[in-house]
Amino acid sequence: MIRSATRIVSRYGGRKTAALSSTSVGEKSSTVVSSSSCRPITATTGVRCSSSAAALDDPASQPPPNAQTSTPHNVYMWGTSKQGTIPLSLLQEGGAATSSGGMFSGDEKIVDHPMSLNLHQDALYAFLGIDSDKTATLEKIFCGATGTAMVLDDGRCFVFGSNKNGELGIGQGKKETEKPIHVPLPDPVAKVSLGPNFSAFLTTTGDLYTCGYGGSAVNGMGCLGQGNMDSYHSPTLVHSLVEDGCYTADVHCGEYSMTVLTTEGEVLTCGSGSYGRLGNLETIDQLYLEPVEMIAGDDVVQIAGGFAFSLALNKGGIIHAWGRNNEGQLGTGMGLAVDMYAMESLPRPIEGNLEGRKVKCIAAGHTHAAAVTSNGELFTWGMNIDHEPKLETSLLHTKIVEVACGQNYTLALDEEGRVYSMGKGKTGVLGLASTKRTAYPILVEGIPAEEKVVTMSAGWAHVACTTTVSG
């Protein structure tokens, strides 16, 4: 990698232990992580718009690593709980109806409307399995492809859901877990990106840890950024970033590739090169994180990504897209026909209806994406419906401030703290007390009017949002 001289200097006087074993809280870990000196940093751990694994705190003004952030008044979740992705035992009264027949199996439960989690200490502590003599509150929740992560105000991280490829970082032997398991890391966790095959944990010090499936000659190699195609069952420090002096600001885990944003506004990619996922013209795999050269000087402020594509938003409000484009998810147009092999191997600016507008934030789902402009307009594209950005005119009566995308659905948050949803609703993700689809945004009415939604996280088939009391 080409780096400036100031970044080639290693950040650490010593090295941190690379591999960390995962244990349930209450068990004593035999792994000792050495403490090392690190130059001060306040990592930008995300942006206000959410992707499939977005933070639930408000990052508009990130606190220093050791500062306390406000606790949400309530957390609401809905969608399909498969392999425990929604903590049903914490849902307040009523709840999930077991699905039957059709495409759903007996272990899946659908919550088709927002339901609040019981965050009282006794209930939360019992669910997480932590000691009641220690004061801790839920601060963030991240919905991923097939898993969920909860982060407490002290930075401890707990994960649950599918672990078929080791993507939860909880060691070998567990293919899934409905019981949260603590993932011990040397520093407080700022963000978690839970992908379908592997995951990444970002700490408040800007370090990146990855775990899960490392790839193969068939699917592509190097998605963990560890310099090999090995799979890791516990979060492992990405040493190459440390050696290059790079701090991580944000990360997205796709199917077989990973996209990273550094605190200096540089975009790095690794993993499978098929369908142009790495944005460097070549379709060869990359074992290490390497810069996306075409946008190297763009001062990128946000990244987002889906199953096999990535987006980067620069300071000037322009989006660049690359990767697979079989359903128009890049927003760059498809002509009259959809080609299943369509792709962009180099970052390409998204224009069309966005030309002349300044984009403030972006989000990406499985095969679609969305953007919010400085005027509060919402644009969506992909899912084989629109191949270029389409203005959602039904929302012009309000100002949109945040957007989140999952698998075939979109959530939009307006300045009044109200959530609108659209897309396919068969998994209950629209929160409209129905599993029908809707082609236009509809207000989600299941959240009390006195509460204001402040953040959202959209997984493939489940949703979480936090609220505060309107004042």
# chains A, B, ... in the order shown; residues from 1 in each chain; ligands from 1
call {"tool": "residues_around", "arguments": {"residues": "A:His113", "least_positions_apart": "4", "cutoff": "9 Å", "atoms": "only C-alpha atoms", "output": "list in words"}}
result
Met77, Trp78, Gly79, Gly95, Gly428, Val429, Leu430, Gly431, Leu432, Ala433, Ser434, Val444, Glu445, Gly446 and Ile447 of chain A
call {"tool": "write_last_selection", "arguments": {"atoms": "N, CA, C and O atoms", "output": "PDB file, in the first residue's frame"}}
result
ATOM      1  N   MET A  77     -37.691  -3.083  18.321  1.00  0.00           N
ATOM      2  CA  MET A  77     -37.244  -4.018  17.294  1.00  0.00           C
ATOM      3  C   MET A  77     -38.458  -4.643  16.606  1.00  0.00           C
ATOM      4  O   MET A  77     -39.536  -4.765  17.199  1.00  0.00           O
ATOM      5  N   TRP A  78     -38.256  -5.043  15.364  1.00  0.00           N
ATOM      6  CA  TRP A  78     -39.280  -5.776  14.632  1.00  0.00           C
ATOM      7  C   TRP A  78     -38.632  -6.497  13.449  1.00  0.00           C
ATOM      8  O   TRP A  78     -37.466  -6.305  13.142  1.00  0.00           O
ATOM      9  N   GLY A  79     -39.432  -7.362  12.790  1.00  0.00           N
ATOM     10  CA  GLY A  79     -38.918  -8.164  11.685  1.00  0.00           C
ATOM     11  C   GLY A  79     -39.010  -9.641  11.998  1.00  0.00           C
ATOM     12  O   GLY A  79     -39.840 -10.076  12.796  1.00  0.00           O
ATOM     13  N   GLY A  95     -46.328  -9.784  21.405  1.00  0.00           N
ATOM     14  CA  GLY A  95     -45.141 -10.111  20.708  1.00  0.00           C
ATOM     15  C   GLY A  95     -45.223 -10.908  19.474  1.00  0.00           C
ATOM     16  O   GLY A  95     -46.057 -10.719  18.648  1.00  0.00           O
ATOM     17  N   GLY A 428     -41.784  -8.995   7.850  1.00  0.00           N
ATOM     18  CA  GLY A 428     -42.249  -8.110   8.908  1.00  0.00           C
ATOM     19  C   GLY A 428     -41.400  -6.875   9.110  1.00  0.00           C
ATOM     20  O   GLY A 428     -41.642  -6.095  10.039  1.00  0.00           O
ATOM     21  N   VAL A 429     -40.413  -6.654   8.251  1.00  0.00           N
ATOM     22  CA  VAL A 429     -39.445  -5.576   8.459  1.00  0.00           C
ATOM     23  C   VAL A 429     -40.014  -4.173   8.252  1.00  0.00           C
ATOM     24  O   VAL A 429     -39.390  -3.198   8.655  1.00  0.00           O
ATOM     25  N   LEU A 430     -41.176  -4.058   7.638  1.00  0.00           N
ATOM     26  CA  LEU A 430     -41.746  -2.728   7.421  1.00  0.00           C
ATOM     27  C   LEU A 430     -42.396  -2.173   8.685  1.00  0.00           C
ATOM     28  O   LEU A 430     -42.651  -0.971   8.776  1.00  0.00           O
ATOM     29  N   GLY A 431     -42.691  -3.050   9.653  1.00  0.00           N
ATOM     30  CA  GLY A 431     -43.255  -2.594  10.915  1.00  0.00           C
ATOM     31  C   GLY A 431     -44.650  -2.037  10.802  1.00  0.00           C
ATOM     32  O   GLY A 431     -45.082  -1.224  11.624  1.00  0.00           O
ATOM     33  N   LEU A 432     -45.392  -2.478   9.795  1.00  0.00           N
ATOM     34  CA  LEU A 432     -46.724  -1.934   9.519  1.00  0.00           C
ATOM     35  C   LEU A 432     -47.845  -2.870   9.935  1.00  0.00           C
ATOM     36  O   LEU A 432     -48.971  -2.754   9.471  1.00  0.00           O
ATOM     37  N   ALA A 433     -47.535  -3.822  10.829  1.00  0.00           N
ATOM     38  CA  ALA A 433     -48.509  -4.819  11.274  1.00  0.00           C
ATOM     39  C   ALA A 433     -49.048  -5.617  10.094  1.00  0.00           C
ATOM     40  O   ALA A 433     -50.220  -5.990  10.047  1.00  0.00           O
ATOM     41  N   SER A 434     -48.184  -5.854   9.128  1.00  0.00           N
ATOM     42  CA  SER A 434     -48.554  -6.588   7.924  1.00  0.00           C
ATOM     43  C   SER A 434     -47.283  -7.142   7.291  1.00  0.00           C
ATOM     44  O   SER A 434     -46.181  -6.663   7.558  1.00  0.00           O
ATOM     45  N   VAL A 444     -44.609   4.441  10.001  1.00  0.00           N
ATOM     46  CA  VAL A 444     -44.653   3.347  10.980  1.00  0.00           C
ATOM     47  C   VAL A 444     -45.297   3.909  12.238  1.00  0.00           C
ATOM     48  O   VAL A 444     -44.710   4.752  12.927  1.00  0.00           O
ATOM     49  N   GLU A 445     -46.499   3.441  12.560  1.00  0.00           N
ATOM     50  CA  GLU A 445     -47.290   4.054  13.616  1.00  0.00           C
ATOM     51  C   GLU A 445     -47.176   3.356  14.964  1.00  0.00           C
ATOM     52  O   GLU A 445     -47.806   3.786  15.931  1.00  0.00           O
ATOM     53  N   GLY A 446     -46.388   2.313  15.053  1.00  0.00           N
ATOM     54  CA  GLY A 446     -46.347   1.537  16.292  1.00  0.00           C
ATOM     55  C   GLY A 446     -45.492   2.114  17.400  1.00  0.00           C
ATOM     56  O   GLY A 446     -45.407   1.526  18.475  1.00  0.00           O
ATOM     57  N   ILE A 447     -44.845   3.243  17.166  1.00  0.00           N
ATOM     58  CA  ILE A 447     -44.012   3.872  18.191  1.00  0.00           C
ATOM     59  C   ILE A 447     -44.796   5.028  18.803  1.00  0.00           C
ATOM     60  O   ILE A 447     -45.359   5.850  18.072  1.00  0.00           O
TER      61      ILE A 447
END
call {"tool": "residues_around", "arguments": {"residues": "stretch 190-197 of chain A", "least_positions_apart": "6", "cutoff": "7 Å", "atoms": "only C-alpha atoms", "output": "short mmCIF file (atom, residue, chain, number, x, y, z; two decimals) with C-alpha atoms, in the first residue's frame"}}
result
data_model
loop_
_atom_site.label_atom_id
_atom_site.label_comp_id
_atom_site.auth_asym_id
_atom_site.auth_seq_id
_atom_site.Cartn_x
_atom_site.Cartn_y
_atom_site.Cartn_z
CA THR A 45 -17.08 5.48 14.19
CA ALA A 53 -25.11 -2.91 10.35
CA ALA A 55 -24.60 2.13 14.94
CA PHE A 142 -26.35 -3.39 15.46
CA GLY A 144 -26.48 -7.54 10.67
CA ALA A 145 -27.17 -10.02 7.90
CA THR A 146 -28.00 -12.92 10.23
CA GLY A 147 -26.87 -11.70 13.63
CA ALA A 149 -24.70 -7.16 18.45
CA ASN A 165 -19.00 -19.43 9.46
CA GLU A 167 -18.90 -14.62 11.94
CA THR A 203 -12.92 -0.15 18.65
CA THR A 204 -12.95 3.42 19.94
CA GLY A 212 -15.31 -15.63 10.24
CA TYR A 213 -14.89 -17.08 6.79
CA VAL A 251 -16.21 -0.68 7.97
CA HIS A 252 -18.63 -2.70 5.87
CA CYS A 253 -18.64 -6.48 5.43
CA GLY A 254 -20.15 -7.75 2.19
CA GLU A 255 -20.52 -11.28 0.92
#
call {"tool": "select_by_dssp", "arguments": {"residues": "stretch 91-198 of chain A", "states": "helix (DSSP H, G or I)", "output": "list of chain:residue names"}}
result
A:Gln121, A:Asp122, A:Ala123, A:Leu124, A:Tyr125, A:Ala126, A:Phe127, A:Leu128
call {"tool": "closest_residue", "arguments": {"among": "A:Lys358, A:Ser257, A:Ile130, A:Tyr125", "to": "A:Gly316", "atoms": "only C-alpha atoms"}}
result
A:Lys358
call {"tool": "residues_around", "arguments": {"residues": "stretch 274-285 of chain A", "least_positions_apart": "3", "cutoff": "8 Å", "atoms": "only C-alpha atoms", "output": "PyMOL selection string"}}
result
chain A and resi 220-222+257+269-271+292-294+308-310+322-324+341-347
call {"tool": "write_last_selection", "arguments": {"atoms": "N, CA, C and O atoms", "output": "PDB file, in the first residue's frame"}}
result
ATOM      1  N   GLY A 220     -13.361 -16.508  -3.624  1.00  0.00           N
ATOM      2  CA  GLY A 220     -12.504 -15.341  -3.452  1.00  0.00           C
ATOM      3  C   GLY A 220     -11.827 -15.384  -2.097  1.00  0.00           C
ATOM      4  O   GLY A 220     -12.383 -15.889  -1.120  1.00  0.00           O
ATOM      5  N   MET A 221     -10.618 -14.836  -2.018  1.00  0.00           N
ATOM      6  CA  MET A 221      -9.810 -14.945  -0.812  1.00  0.00           C
ATOM      7  C   MET A 221      -9.497 -13.570  -0.232  1.00  0.00           C
ATOM      8  O   MET A 221      -9.458 -12.583  -0.942  1.00  0.00           O
ATOM      9  N   GLY A 222      -9.285 -13.557   1.098  1.00  0.00           N
ATOM     10  CA  GLY A 222      -8.749 -12.370   1.741  1.00  0.00           C
ATOM     11  C   GLY A 222      -9.742 -11.392   2.304  1.00  0.00           C
ATOM     12  O   GLY A 222      -9.368 -10.267   2.649  1.00  0.00           O
ATOM     13  N   SER A 257     -16.176  -9.662   0.449  1.00  0.00           N
ATOM     14  CA  SER A 257     -15.243  -8.533   0.386  1.00  0.00           C
ATOM     15  C   SER A 257     -15.531  -7.567   1.522  1.00  0.00           C
ATOM     16  O   SER A 257     -16.632  -7.550   2.077  1.00  0.00           O
ATOM     17  N   THR A 269     -10.075  -1.639   0.332  1.00  0.00           N
ATOM     18  CA  THR A 269     -10.872  -2.836   0.093  1.00  0.00           C
ATOM     19  C   THR A 269      -9.991  -4.078   0.106  1.00  0.00           C
ATOM     20  O   THR A 269      -8.779  -3.999  -0.131  1.00  0.00           O
ATOM     21  N   CYS A 270     -10.602  -5.226   0.363  1.00  0.00           N
ATOM     22  CA  CYS A 270      -9.898  -6.505   0.283  1.00  0.00           C
ATOM     23  C   CYS A 270     -10.915  -7.611   0.041  1.00  0.00           C
ATOM     24  O   CYS A 270     -12.115  -7.421   0.190  1.00  0.00           O
ATOM     25  N   GLY A 271     -10.398  -8.789  -0.332  1.00  0.00           N
ATOM     26  CA  GLY A 271     -11.257  -9.943  -0.542  1.00  0.00           C
ATOM     27  C   GLY A 271     -11.454 -10.281  -2.001  1.00  0.00           C
ATOM     28  O   GLY A 271     -10.564 -10.072  -2.836  1.00  0.00           O
ATOM     29  N   VAL A 292      -8.520   2.211  -2.786  1.00  0.00           N
ATOM     30  CA  VAL A 292      -9.262   2.349  -4.037  1.00  0.00           C
ATOM     31  C   VAL A 292      -8.703   3.609  -4.699  1.00  0.00           C
ATOM     32  O   VAL A 292      -9.079   4.732  -4.358  1.00  0.00           O
ATOM     33  N   GLU A 293      -7.783   3.404  -5.629  1.00  0.00           N
ATOM     34  CA  GLU A 293      -6.945   4.488  -6.137  1.00  0.00           C
ATOM     35  C   GLU A 293      -7.728   5.605  -6.818  1.00  0.00           C
ATOM     36  O   GLU A 293      -7.373   6.778  -6.721  1.00  0.00           O
ATOM     37  N   MET A 294      -8.805   5.269  -7.518  1.00  0.00           N
ATOM     38  CA  MET A 294      -9.510   6.281  -8.299  1.00  0.00           C
ATOM     39  C   MET A 294     -10.129   7.364  -7.420  1.00  0.00           C
ATOM     40  O   MET A 294     -10.311   8.504  -7.856  1.00  0.00           O
ATOM     41  N   ALA A 308     -22.717  -7.272  -2.745  1.00  0.00           N
ATOM     42  CA  ALA A 308     -21.519  -7.342  -3.601  1.00  0.00           C
ATOM     43  C   ALA A 308     -21.225  -6.013  -4.276  1.00  0.00           C
ATOM     44  O   ALA A 308     -20.745  -5.973  -5.402  1.00  0.00           O
ATOM     45  N   PHE A 309     -21.506  -4.907  -3.593  1.00  0.00           N
ATOM     46  CA  PHE A 309     -21.213  -3.593  -4.161  1.00  0.00           C
ATOM     47  C   PHE A 309     -20.916  -2.616  -3.031  1.00  0.00           C
ATOM     48  O   PHE A 309     -21.240  -2.872  -1.863  1.00  0.00           O
ATOM     49  N   SER A 310     -20.284  -1.494  -3.380  1.00  0.00           N
ATOM     50  CA  SER A 310     -19.922  -0.488  -2.385  1.00  0.00           C
ATOM     51  C   SER A 310     -20.226   0.905  -2.889  1.00  0.00           C
ATOM     52  O   SER A 310     -20.244   1.164  -4.092  1.00  0.00           O
ATOM     53  N   TRP A 322     -19.295   1.129  -7.046  1.00  0.00           N
ATOM     54  CA  TRP A 322     -18.600   0.081  -7.802  1.00  0.00           C
ATOM     55  C   TRP A 322     -19.050  -1.292  -7.300  1.00  0.00           C
ATOM     56  O   TRP A 322     -19.629  -1.429  -6.234  1.00  0.00           O
ATOM     57  N   GLY A 323     -18.799  -2.296  -8.135  1.00  0.00           N
ATOM     58  CA  GLY A 323     -19.183  -3.660  -7.789  1.00  0.00           C
ATOM     59  C   GLY A 323     -20.277  -4.181  -8.690  1.00  0.00           C
ATOM     60  O   GLY A 323     -20.466  -3.716  -9.822  1.00  0.00           O
ATOM     61  N   ARG A 324     -21.021  -5.126  -8.191  1.00  0.00           N
ATOM     62  CA  ARG A 324     -22.063  -5.770  -8.995  1.00  0.00           C
ATOM     63  C   ARG A 324     -23.234  -4.825  -9.216  1.00  0.00           C
ATOM     64  O   ARG A 324     -23.600  -4.047  -8.318  1.00  0.00           O
ATOM     65  N   TYR A 341     -24.708 -10.116 -15.293  1.00  0.00           N
ATOM     66  CA  TYR A 341     -23.263  -9.973 -15.098  1.00  0.00           C
ATOM     67  C   TYR A 341     -22.826  -8.509 -15.062  1.00  0.00           C
ATOM     68  O   TYR A 341     -21.631  -8.214 -15.049  1.00  0.00           O
ATOM     69  N   ALA A 342     -23.783  -7.595 -15.029  1.00  0.00           N
ATOM     70  CA  ALA A 342     -23.457  -6.167 -15.035  1.00  0.00           C
ATOM     71  C   ALA A 342     -22.627  -5.799 -13.817  1.00  0.00           C
ATOM     72  O   ALA A 342     -22.871  -6.281 -12.703  1.00  0.00           O
ATOM     73  N   MET A 343     -21.640  -4.925 -14.025  1.00  0.00           N
ATOM     74  CA  MET A 343     -20.752  -4.535 -12.940  1.00  0.00           C
ATOM     75  C   MET A 343     -20.009  -3.266 -13.308  1.00  0.00           C
ATOM     76  O   MET A 343     -19.976  -2.863 -14.470  1.00  0.00           O
ATOM     77  N   GLU A 344     -19.415  -2.640 -12.311  1.00  0.00           N
ATOM     78  CA  GLU A 344     -18.501  -1.524 -12.503  1.00  0.00           C
ATOM     79  C   GLU A 344     -17.246  -1.853 -11.716  1.00  0.00           C
ATOM     80  O   GLU A 344     -17.289  -1.986 -10.487  1.00  0.00           O
ATOM     81  N   SER A 345     -16.134  -2.000 -12.404  1.00  0.00           N
ATOM     82  CA  SER A 345     -14.900  -2.399 -11.728  1.00  0.00           C
ATOM     83  C   SER A 345     -14.093  -1.203 -11.228  1.00  0.00           C
ATOM     84  O   SER A 345     -13.090  -1.383 -10.530  1.00  0.00           O
ATOM     85  N   LEU A 346     -14.524  -0.002 -11.562  1.00  0.00           N
ATOM     86  CA  LEU A 346     -13.922   1.226 -11.056  1.00  0.00           C
ATOM     87  C   LEU A 346     -15.028   2.119 -10.490  1.00  0.00           C
ATOM     88  O   LEU A 346     -16.168   2.082 -10.973  1.00  0.00           O
ATOM     89  N   PRO A 347     -14.731   2.906  -9.469  1.00  0.00           N
ATOM     90  CA  PRO A 347     -15.751   3.801  -8.912  1.00  0.00           C
ATOM     91  C   PRO A 347     -16.311   4.739  -9.985  1.00  0.00           C
ATOM     92  O   PRO A 347     -15.563   5.378 -10.717  1.00  0.00           O
TER      93      PRO A 347
END
call {"tool": "closest_residue", "arguments": {"among": "A:Leu330, A:Thr259, A:His397, A:Leu391", "to": "A:Ala369", "atoms": "only C-alpha atoms"}}
result
A:Leu330
call {"tool": "residues_around", "arguments": {"residues": "A:Phe127", "least_positions_apart": "6", "cutoff": "8 Å", "atoms": "only C-alpha atoms", "output": "ChimeraX atom specification"}}
result
/A:89-90,179-180
call {"tool": "residues_around", "arguments": {"residues": "A:Glu402", "least_positions_apart": "3", "cutoff": "10 Å", "atoms": "only C-alpha atoms", "output": "count of residues only"}}
result
25
call {"tool": "residues_around", "arguments": {"residues": "A:Gly423", "least_positions_apart": "4", "cutoff": "7 Å", "atoms": "only C-alpha atoms", "output": "PyMOL selection string"}}
result
chain A and resi 408-410+437-439
call {"tool": "write_last_selection", "arguments": {"atoms": "C-alpha atoms", "output": "PDB file, in the first residue's frame"}}
result
ATOM      1  CA  ASN A 408     -35.365  -5.395  -0.140  1.00  0.00           C
ATOM      2  CA  TYR A 409     -36.666  -2.683   2.203  1.00  0.00           C
ATOM      3  CA  THR A 410     -35.867   0.895   3.177  1.00  0.00           C
ATOM      4  CA  ARG A 437     -45.156  -4.997   0.329  1.00  0.00           C
ATOM      5  CA  THR A 438     -45.495  -1.308  -0.372  1.00  0.00           C
ATOM      6  CA  ALA A 439     -44.059   0.640  -3.290  1.00  0.00           C
TER       7      ALA A 439
END
call {"tool": "atom_distance", "arguments": {"atom1": "atom CA of A:Gly214", "atom2": "atom CA of A:Ala296"}}
result
26.2 Å
call {"tool": "closest_residue", "arguments": {"among": "A:Lys315, A:Pro441, A:Gly273, A:Asp339", "to": "A:Phe379", "atoms": "only C-alpha atoms"}}
result
A:Pro441
call {"tool": "decode", "arguments": {"residues": "stretch 121-131 of chain A", "atoms": "all heavy atoms", "output": "mmCIF file, in the first residue's frame"}}
result
data_model
loop_
_atom_site.group_PDB
_atom_site.id
_atom_site.type_symbol
_atom_site.label_atom_id
_atom_site.label_comp_id
_atom_site.auth_asym_id
_atom_site.auth_seq_id
_atom_site.Cartn_x
_atom_site.Cartn_y
_atom_site.Cartn_z
ATOM 1 N N GLN A 121 -32.708 -3.075 34.415
ATOM 2 C CA GLN A 121 -31.442 -3.753 34.674
ATOM 3 C C GLN A 121 -31.593 -5.242 34.933
ATOM 4 O O GLN A 121 -30.830 -6.055 34.398
ATOM 5 C CB GLN A 121 -30.728 -3.078 35.849
ATOM 6 C CG GLN A 121 -30.132 -1.725 35.486
ATOM 7 C CD GLN A 121 -29.277 -1.149 36.589
ATOM 8 O OE1 GLN A 121 -29.379 -1.561 37.731
ATOM 9 N NE2 GLN A 121 -28.437 -0.191 36.249
ATOM 10 N N ASP A 122 -32.566 -5.631 35.750
ATOM 11 C CA ASP A 122 -32.708 -7.053 36.076
ATOM 12 C C ASP A 122 -32.927 -7.887 34.821
ATOM 13 O O ASP A 122 -32.311 -8.935 34.636
ATOM 14 C CB ASP A 122 -33.867 -7.268 37.057
ATOM 15 C CG ASP A 122 -33.560 -6.725 38.446
ATOM 16 O OD1 ASP A 122 -32.371 -6.461 38.720
ATOM 17 O OD2 ASP A 122 -34.498 -6.564 39.253
ATOM 18 N N ALA A 123 -33.832 -7.408 33.941
ATOM 19 C CA ALA A 123 -34.132 -8.153 32.718
ATOM 20 C C ALA A 123 -32.939 -8.155 31.769
ATOM 21 O O ALA A 123 -32.582 -9.187 31.185
ATOM 22 C CB ALA A 123 -35.356 -7.565 32.031
ATOM 23 N N LEU A 124 -32.313 -6.990 31.597
ATOM 24 C CA LEU A 124 -31.172 -6.893 30.694
ATOM 25 C C LEU A 124 -30.007 -7.724 31.192
ATOM 26 O O LEU A 124 -29.368 -8.446 30.422
ATOM 27 C CB LEU A 124 -30.757 -5.425 30.549
ATOM 28 C CG LEU A 124 -29.573 -5.152 29.615
ATOM 29 C CD1 LEU A 124 -29.917 -5.556 28.182
ATOM 30 C CD2 LEU A 124 -29.172 -3.677 29.667
ATOM 31 N N TYR A 125 -29.726 -7.645 32.502
ATOM 32 C CA TYR A 125 -28.610 -8.402 33.053
ATOM 33 C C TYR A 125 -28.849 -9.906 32.922
ATOM 34 O O TYR A 125 -27.931 -10.669 32.633
ATOM 35 C CB TYR A 125 -28.394 -8.047 34.527
ATOM 36 C CG TYR A 125 -27.854 -6.654 34.758
ATOM 37 C CD1 TYR A 125 -27.619 -5.770 33.699
ATOM 38 C CD2 TYR A 125 -27.585 -6.199 36.043
ATOM 39 C CE1 TYR A 125 -27.134 -4.494 33.910
ATOM 40 C CE2 TYR A 125 -27.099 -4.914 36.268
ATOM 41 C CZ TYR A 125 -26.886 -4.076 35.200
ATOM 42 O OH TYR A 125 -26.398 -2.813 35.405
ATOM 43 N N ALA A 126 -30.098 -10.333 33.163
ATOM 44 C CA ALA A 126 -30.409 -11.756 33.046
ATOM 45 C C ALA A 126 -30.234 -12.227 31.609
ATOM 46 O O ALA A 126 -29.716 -13.320 31.356
ATOM 47 C CB ALA A 126 -31.839 -12.024 33.522
ATOM 48 N N PHE A 127 -30.655 -11.395 30.647
ATOM 49 C CA PHE A 127 -30.523 -11.758 29.240
ATOM 50 C C PHE A 127 -29.059 -11.856 28.834
ATOM 51 O O PHE A 127 -28.650 -12.794 28.148
ATOM 52 C CB PHE A 127 -31.245 -10.731 28.373
ATOM 53 C CG PHE A 127 -31.090 -10.941 26.896
ATOM 54 C CD1 PHE A 127 -31.660 -12.053 26.275
ATOM 55 C CD2 PHE A 127 -30.383 -10.040 26.123
ATOM 56 C CE1 PHE A 127 -31.513 -12.258 24.907
ATOM 57 C CE2 PHE A 127 -30.234 -10.231 24.760
ATOM 58 C CZ PHE A 127 -30.796 -11.343 24.150
ATOM 59 N N LEU A 128 -28.254 -10.880 29.259
ATOM 60 C CA LEU A 128 -26.840 -10.868 28.884
ATOM 61 C C LEU A 128 -25.995 -11.784 29.746
ATOM 62 O O LEU A 128 -24.861 -12.116 29.382
ATOM 63 C CB LEU A 128 -26.292 -9.435 28.978
ATOM 64 C CG LEU A 128 -26.915 -8.403 28.040
ATOM 65 C CD1 LEU A 128 -26.310 -7.029 28.292
ATOM 66 C CD2 LEU A 128 -26.732 -8.802 26.582
ATOM 67 N N GLY A 129 -26.532 -12.197 30.907
ATOM 68 C CA GLY A 129 -25.768 -13.072 31.789
ATOM 69 C C GLY A 129 -24.651 -12.360 32.508
ATOM 70 O O GLY A 129 -23.579 -12.921 32.740
ATOM 71 N N ILE A 130 -24.871 -11.077 32.875
ATOM 72 C CA ILE A 130 -23.827 -10.319 33.547
ATOM 73 C C ILE A 130 -24.186 -10.104 35.007
ATOM 74 O O ILE A 130 -25.339 -10.235 35.416
ATOM 75 C CB ILE A 130 -23.580 -8.960 32.861
ATOM 76 C CG1 ILE A 130 -24.836 -8.088 32.908
ATOM 77 C CG2 ILE A 130 -23.143 -9.173 31.422
ATOM 78 C CD1 ILE A 130 -24.636 -6.713 32.275
ATOM 79 N N ASP A 131 -23.180 -9.771 35.816
ATOM 80 C CA ASP A 131 -23.374 -9.573 37.251
ATOM 81 C C ASP A 131 -24.247 -8.356 37.515
ATOM 82 O O ASP A 131 -24.074 -7.300 36.913
ATOM 83 C CB ASP A 131 -22.020 -9.385 37.947
ATOM 84 C CG ASP A 131 -21.146 -10.635 37.841
ATOM 85 O OD1 ASP A 131 -21.726 -11.723 37.707
ATOM 86 O OD2 ASP A 131 -19.913 -10.501 37.891
#
